[in-house]
Each structure stands twice: as structure tokens, then as C-alpha cells.
Amino acid sequence: MRLMKTILSAAAAGLVALAAGAMQPAMAQPTIKIAYTDPLSGPFAQVGDANLKQMQYIIDHINSKGGALGRKFELVPFDNKSQPSDALIALKTATDQNMPFIMQCSGSNIAAALIDGINKHNDRNPDNRIIYLNCGAVATELTNDQCSFWHFRFDLNVAQKAEVMVRALPKTTTKVYLINQDYLFGQSVQRDVGAFIKKLRPDIQIVGDELIPLGKIQDFSPYITKIKASGAQALLTGNWGPDMNLLIKAGIESGIDLNYYTFYAHLAGGPTAIGPGGENRVYAVMSFGENIAPEIGNKEAEDWTNGFRAKHNFDFSAAVFRTIFEHVQAAVNKAGVVDATKIAFAMEGQAMKDFLGYETLMRKDDHQIMTAYYVGVFKKGVKYDAEKTGLGWSTAATIKMDDVQQPTSCKMRRPRI
Amino acid sequence: MEVFVVSLLNGLVYGMLLFMLASGLTLIFSMMGVLNFAHASAYMIGAYFAYTLSLYVGFWVALIVAPILCGLLGAAIEMWGLRRVHKNGHIAELLFTFGLALIIEKVVQMTWGLIAVPYRIPSGLDFPLFDLWGTQFPAYRAFMLLISALMFLSIWLGLTRTRIGLVIQAALTHPDMAGALGHNVPRVFTMVFAAGTALAGLAGVIGGNYRVTEPGMAFSMGPIVFVVVVFGGLGSLTGCFIASILMGLIQTFAVVLDYSLADLLEVFGFVVTKATPGSEFLMVTLPRIAALLPFILLVLILVLRPRGLLGTRDT
């Protein structure tokens with residue numbers, strides 16, 4: 001049925017494109033191409049697929065607002081199968097076609113490979129440079145020791161998210177348990193959360209600190225037993241995907257008195273796995289939630305996110321990607337020409353309000369975005385529920401841009417113009 | 001004590017779920033000598049069928065109908081797929097089931113989407129059965145234990161105490177002789193394959209809402225089931241049962257035992273510090289490698305006893 005729909009809509013889109021092509025003669029300006037590479041097949045395909053659809057909706061909006069320099073933006077997807085090598089192939093294709101931007105969200109190891117590849121490419125080809133728009137690879141190092149002039153990160157890094165998480169812990173919480181995935185990202189969550197607890201909440205005792213093999217655990221009940229025995233009041237985790245869903249599901253089913261502080265519980269599959277049992281227990285450190293707009297009374301933003309819900313049958317959890325494209329749009333307009341070097345100089349230090357009305361800043365020192373961030377709590381009675389569960393993310397705390405400013409060790413190396 | 005009892009229960013539940021999956025596979029494996037890579041896919045399909053059915057007719061009907069649908073699917077695969085490929089030897093069969101697993105995953109993704117579906121525990125079973133020192137034991141887990149125990153009993157009785165079981169056993173070990181005696185061996189194969197697939201489907205029906213029903217569930221469950229089958233021994237239902245429970249318990253208890261090789265050495269008076277060569281390896285605690293233990297055991301048993309725990313013949 002869905003396949004049928006897809007075929008029909010593809011055919012329809014083709015017809016529309018043909019008609020549009022017929023109406024607009026050779027006058028049309030070429031589009032500004034943005035390569036997008038993420039897993040579009042394999043076990044993590046849902047992440048890339050959902051991102052792609054949300055970005056497409058946002059780009060359509062940006063284009064309806066005039067694009068940049070009278071040209072429209074165009075997203076060109078490349079499947080990288082979660083492999084750095086495939087991402088580098090995508091980079092090669094993008095530079096061969098002279099695309100000024102490449103975008104990647106999932107996997108800091110892939111991001112690191114891309115940054116390295118882009119640094120080399122841009123050094124060697126001053127006439128054909130490319131900017132990396134990072135929409136979700138959050139390893140702290142990428143805007144610190146490994147920072148690059150060509151890399152712009154539009155999500156908070158692990159250290160910033162860890163600080164938000166620790167600040168969100170209520171005063172009554174004095175015992176916490178940490179579970180993270182045993183690889184680069186999980187280990188940095190473990191390290192940063194631990195560091196901020198020591199710094200901001202010395203009264204909190206870490207009663208358990210555990211690393212689990214990535215994506216291998218079938219049954220988390222034993223961990224729950226252990227957490228229970230440790231007397232922890234809150235579980236702090238950077239887990240994502242099945243490792244997050246199964247962990248929380250097991251915890252909630254066992255009925256133990258525990259709160260869950262997560263980075264990714266609000267993303268695809270999370271709300272479904274948590275279910276009604278997780279009411280008022282599960283917190284997510286998130287860049288956006290669909291209830292923020294109605295909560296702050298921003299009708300325009302609410303209508304715009306509703307437009308997505310009307311078209312797609314999944315949550316618009318990445319609506320904040322709009323900030324990326326608005327920064328890009330403004331920077332291209334400011335540069336006055338589609339030239340990666342000039343756009344990059346225009347983008348660094350650029351400040352603007354996001355669509356919810358909060359300040360954002362692309363910090364010049366390390367190309368790390370400073371933006372409002374939210375702590376959501378999963379509960380009933382919200383205006384927009386998540387994944388049709390009847391429960392949704394209500395904003396428990398809004399952290400403004402100035403509260404996530406952390407020092408950076410980046411020594412930015414800028415090109416000569 | 002508290003941790004021990006709760007872990008024991010958890011281990012049992014997980015072990016029994018493994019057994020439901022592995023029992024079908026071990027039957028098929030010992031019959032055709034082929035590792036059916038698509039077996040875990042049947043588990044996934046069972047879960048998705050049950051989800052869709054439960055939207056219309058409720059969980060209890062789905063519990064019966066979904067495995068039957070899976071069984072029919074299995075019969076079709078055996079009759080029109082595997083049987084034709086069988087002529088070309090085991091490698092062809094292996095590749096066939098492997099390809100089938102990939103196709104099924106893609107079909108599931110296209111039909112039900114990439115995101116997990118909200119397949120929930122029926123409200124009639126969604127209550128804590130009893131309370132153990134503050135940890136609730138959900139009634140659904142007891143239900144899972146019950147279903148799998150019933151299943152074990154009926155397969156075992158069916159195979160050892162009935163005429164059909166006799167024919168199946170004969171066809172498994174001596175297919176030509178059974179054929180010569182007038183039994184329709186291909187039909188027995190189809191039946192066993194269908195029954196095995198139906199069992200996997202049943203595991204999916206009750207495992208899908210216990211865990212999460214999503215397109216990656218076959219991929220994540222597949223390897224561990226093979227471990228159980230090989231570890232338990234080919235064609236041995238009892239071995240499969242013991243192996244399943246063992247794997248369940250090992251994985252559960254490994255998580256709660258916070259020890260490392262360094263701790264073991266300390267018992268013998270050898271203190272490992274950061275300066276000791278290989279200390280990083282020696283200090284890895286058991287929980288960090290809990291999920292890998294079954295595979296370590298698999299390697300060990302293949303080296304020490306290739307026929308498996310209670311296996312009657314080598315591969």
C-alpha cells in the first residue's frame with residue numbers, strides 16, 4: 001500500500017516537474033546544491049530517511065522564501081551506510097560536481113573522516129572548496145582539538161548536552177547511575193557527564209557507571225536489577241537506538257522507582273518503546289519539541305510544524321534543522337556569491353533568531369552553534385503527542401544560548417582570501 | 001539474594017524466549033543440514049503479523065493466527081523455494097535463505113515503515129504479577145514462561161510419543177529408508193519446516209511486544225539463536241533447551257557480576273595494577289563483555305566438542 005503510494009506520488013512529482021520545466025524556459029537559475037550523506041540503508045536507515053524528509057520540508061520552505069541570491073537550494077542525498085569510506089565517496093562526488101555544501105548528521109567517526117577529507121581537499125583546490133554542515137555528529141573534540149574552518153556544527157556537543165542534563169537534575173536527586181555505549185561517543189558522554197556532576201553537583205553520588213557493547217544487548221532486565229540494587233534515583237544515559245529503547249522499556253516494565261535522563265529518548269522509536277508507563281519519568285535533552293511553539297505561544301512556528309505533521313506520519317523532531325538552512329541562506333546572501341570560502345567567512349560569528357524566536361550564534365572561535373536547548377519530560381495532556389502514543393514531550397526547562405557557552409581549545413586556522 | 005532471585009527469573013524468561021526461536025531452527029537444521037538464515041526473519045514477521053492482527057481482532061486471536069500464517073509462509077518457502085534449490089547442494093540453500101532474510105527485511109521495511117511499531121502487551125496481562133523486594137515481575141513474563149514451557153512439552157511429546165513424531169524422526173535420520181517404507185518424505189520436510197517457522201512466528205508474537213517490534217529485530221536476534229542451536233547439539237531438542245536456558249542465565253548473571261580477570265588473579269595473590277602488561281584487557285569487567293560470552297562459548301564448544309552439548313552426530 002505504502003509502496004503504491006510512493007510510486008504514485010513519485011509519478012505525480014515527475015509530472016509536476018515536467019510541467020514546471022515546460023513553463024520555465026532556459027531562464028531558470030541553477031540551484032545551490034547541498035550534498036547530504038547519512039545511512040539511507042541498513043540498520044540505521046530510519047535515521048537518515050527521517051532526516052531527509054524533514055530537511056526536504058524545510059528546504060521547500062526556505063525556497064518559498066526566495067532561496068538565496070535568487071537561486072533555490074537543492075538537497076542531493078548520498079547513502080553512506082554508516083561507513084566513513086562511503087561518506088568520503090559522497091564527498092568526492094559532491095566536490096566533482098562543484099557543490100558548495102555537504103551535510104552529515106549521524107556518527108562522529110564519519111564526521112571526523114569528513115573533516116579530514118575536506119581539509120585536504122580545500123587546501124589543494126582553492127577554486128572548488130566545500131563547507132561541511134554538521135547536523136548532529138556531537139563528539140566534543142570536533143570543535144575543540146580537531147576543529148576546522150570548514151566545519152560548522154549546528155547541534156550542541158556532548159559536553160554542552162551533558163551540562164544541560166546535569167543542570168536538569170532536581171535537588172532531591174543524590175544518587176545516579178550511568179549507562180553508556182562502549183565506543184567513542186558513549187565514552188565521551190560518560191566522561192563529560194561525570195565531570196559536570198563533580199563540578200556542578202558535588203552532592204550527587206555516582207553509584208554505578210557502566211559501558212555496554214553497542215547494539216548487542218537483547219535483554220536489559222539484568223541491568224535494571226543492578227540499578228535497583230544500587231539505590232540510584234536517576235539513570236543517565238547517552239544511549240540511542242535499540243540500546244536506549246530496550247533499556248527504558250525494561251526499566252519501566254519492572255516498575256522500579258527511577259527517573260531516566262537521556263539524550264535521545266525523543267527520537268524515532270523512543271516514545272513507542274517507553275509507552276504510557278514512562279509518564280513523568282523520562283526526560284530528554286533535546287534541540288526541539290513540537291510542544292514548544294504552543295507553550296510559548298508562537299502561532300507561526302506551530303502552524304509551520306503542523307504543516308509537516310499533515311504530510312508525514314512521523315514526528316517533526318528535527319524541525320530545528322531550519323536554523324541550519326537559515327544560517328546558510330543568510331550567509332550566502334551576505335557573501336553575495338556562491339563561493340565556499342566567502343560563505344564560510346560570512347557564516348562565522350553570524351547571529352540570528354531561530355524560528356521559535358530564540359537567539360542563535362555560530363561562534364567564531366570554534367564554529368560551534370550556540371542555541372537554546374530544552375529538557376523535555378514525557379507526559380500526558382500535551383497538545384502534540386509523540387508517535388501516536390497519547391503522550392508527548394512537555395518542556396520542563398529551556399536553556400538559553402548564553403548558558404551553554406563553554407570554553408573551547410580550538411585554534412582556528414583560517415585560509416587567506 | 002534479591003539480585004540472585006530476580007536475575008534467575010530474568011534469565012529464565014530470556015532463555016525460554018531463545019528456546020522458542022531455537023527449537024524450530026534446530027529441527028530444520030538437523031533435518032536439512034542447512035542453517036536457515038531466514039529463521040529470525042520468521043520471528044520478525046510473526047511480531048509484525050501479530051501487531052497488525054491485534055489492531056483488528058485483538059491479541060488473543062493474533063496469538064493463534066499469526067503463527068499459523070507464518071507456518072503457511074514457511075510451507076510455501078519450502079515447497080516452491082528450498083526444495084528446488086536443494087538439488088544444488090547446501091551452499092545454494094544457505095545462500096537462498098540468506099537472500100530471503102534480506103528480502104524479508106526490506107519487505108517489512110516497505111510495508112510497516114522503518115520506525116518501530118507500537119505493538120503493546122495486551123491490557124489483560126499488563127499488570128505486575130508479584131513484587132520481589134520492590135522489583136515488579138510483570139504478568140506478561142510469567143505468560144511467556146508458560147507459553148514456552150507448554151511449547152517445549154508439546155514438541156517433546158509430539159516427537160517422542162506420537163506416530164507422526166516417529167515418522168519425522170525416521171525421516172530426519174534415514175530419509176531414504178523412510179521413503180522406501182512408503183512415507184512421503186518431502187511432505188514431512190515441508191511439515192517440519194512449516195512447524196519450525198510457525199514456532200519462530202509464535203516467539204515473535206510474544207517476543208515482539210516484550211521487546212520492540214522494529215525492522216532490525218531479526219538481525220539482532222539471529223546470531224544468538226545460531227549459537228544456541230550449535231551449542232545445544234544438532235537435532236537435540238533437550239540440548240537446545242538446556243543451551244537456551246544456559247545462555248539466558250549466563251548473559252543475565254554476567255551483567256550483575258562486576259568482576260574482571262584482575263579480580264580472579266587477586267584471589268591467587270597476584271595484584272594487577274595499571275603498570276601490569278595487558279592491564280587494560282585484564283581489567284575489563286564481566287558486564288562489558290556479557291553480550292559476547294555466548295560467542296566465546298560457541299568457539300569453545302566447537303573446539304572441544306564439535307557435536308554440541310547433546311548432539312548425536314557431527315555436522
# chains A, B, ... in the order shown; residues from 1 in each chain; ligands from 1

call {"tool": "interface_residues", "arguments": {"of": "chain A", "to": "chain B", "cutoff": "10 Å", "atoms": "only C-alpha atoms", "output": "number ranges by chain"}}
result
A: 1-3, 6, 41-47, 49-50, 181-182, 210-229, 242, 245-247, 249-257, 268-275, 314, 387-389

call {"tool": "residues_around", "arguments": {"residues": "B:Ala200", "least_positions_apart": "4", "cutoff": "9 Å", "atoms": "only C-alpha atoms", "output": "PyMOL selection string"}}
result
chain B and resi 20-25+39-46+67+70-71+195-196+204-205

call {"tool": "residues_around", "arguments": {"residues": "stretch 196-208 of chain A", "least_positions_apart": "6", "cutoff": "7 Å", "atoms": "only C-alpha atoms", "output": "list in words"}}
result
Glu163, Val166, Thr174, Lys175, Val176, Tyr177, Leu178, Ser230 and Ala232 of chain A

call {"tool": "residues_around", "arguments": {"residues": "A:Trp240", "least_positions_apart": "4", "cutoff": "8 Å", "atoms": "only C-alpha atoms", "output": "list in words"}}
result
Met244, Asn245, Phe263, Tyr264 and Ala265 of chain A

call {"tool": "residues_around", "arguments": {"residues": "B:Ile206", "least_positions_apart": "3", "cutoff": "8 Å", "atoms": "only C-alpha atoms", "output": "VMD selection string"}}
result
chain B and resid 47 63 144 202 to 203 209 to 210

call {"tool": "atom_distance", "arguments": {"atom1": "atom CA of A:Gly136", "atom2": "atom CA of A:Ser64"}}
result
25.4 Å

call {"tool": "select_by_dssp", "arguments": {"residues": "stretch 133-194 of chain B", "states": "helix (DSSP H, G or I)", "output": "PyMOL selection string"}}
result
chain B and resi 139-161+163-173+175-180+185-194

call {"tool": "residues_around", "arguments": {"residues": "A:Lys379", "least_positions_apart": "6", "cutoff": "12 Å", "atoms": "only C-alpha atoms", "output": "list of chain:residue names"}}
result
A:His266, A:Pro271, A:Ile274, A:Gly275, A:Pro276, A:Gly277, A:Gly278, A:Glu279, A:Asn280, A:Arg281, A:Val282, A:Tyr283, A:Ala284, A:Asn291, A:Asp385, A:Ala386, A:Thr389, A:Gly390, A:Leu391, A:Gly392, A:Trp393, A:Ser394, A:Thr395, A:Ala396

call {"tool": "atom_distance", "arguments": {"atom1": "atom CA of A:Gly357", "atom2": "atom CA of A:Asn298"}}
result
8.3 Å

call {"tool": "residues_around", "arguments": {"residues": "A:Arg413", "least_positions_apart": "5", "cutoff": "12 Å", "atoms": "only C-alpha atoms", "output": "ChimeraX atom specification"}}
result
/A:119,123,145-151,364-367
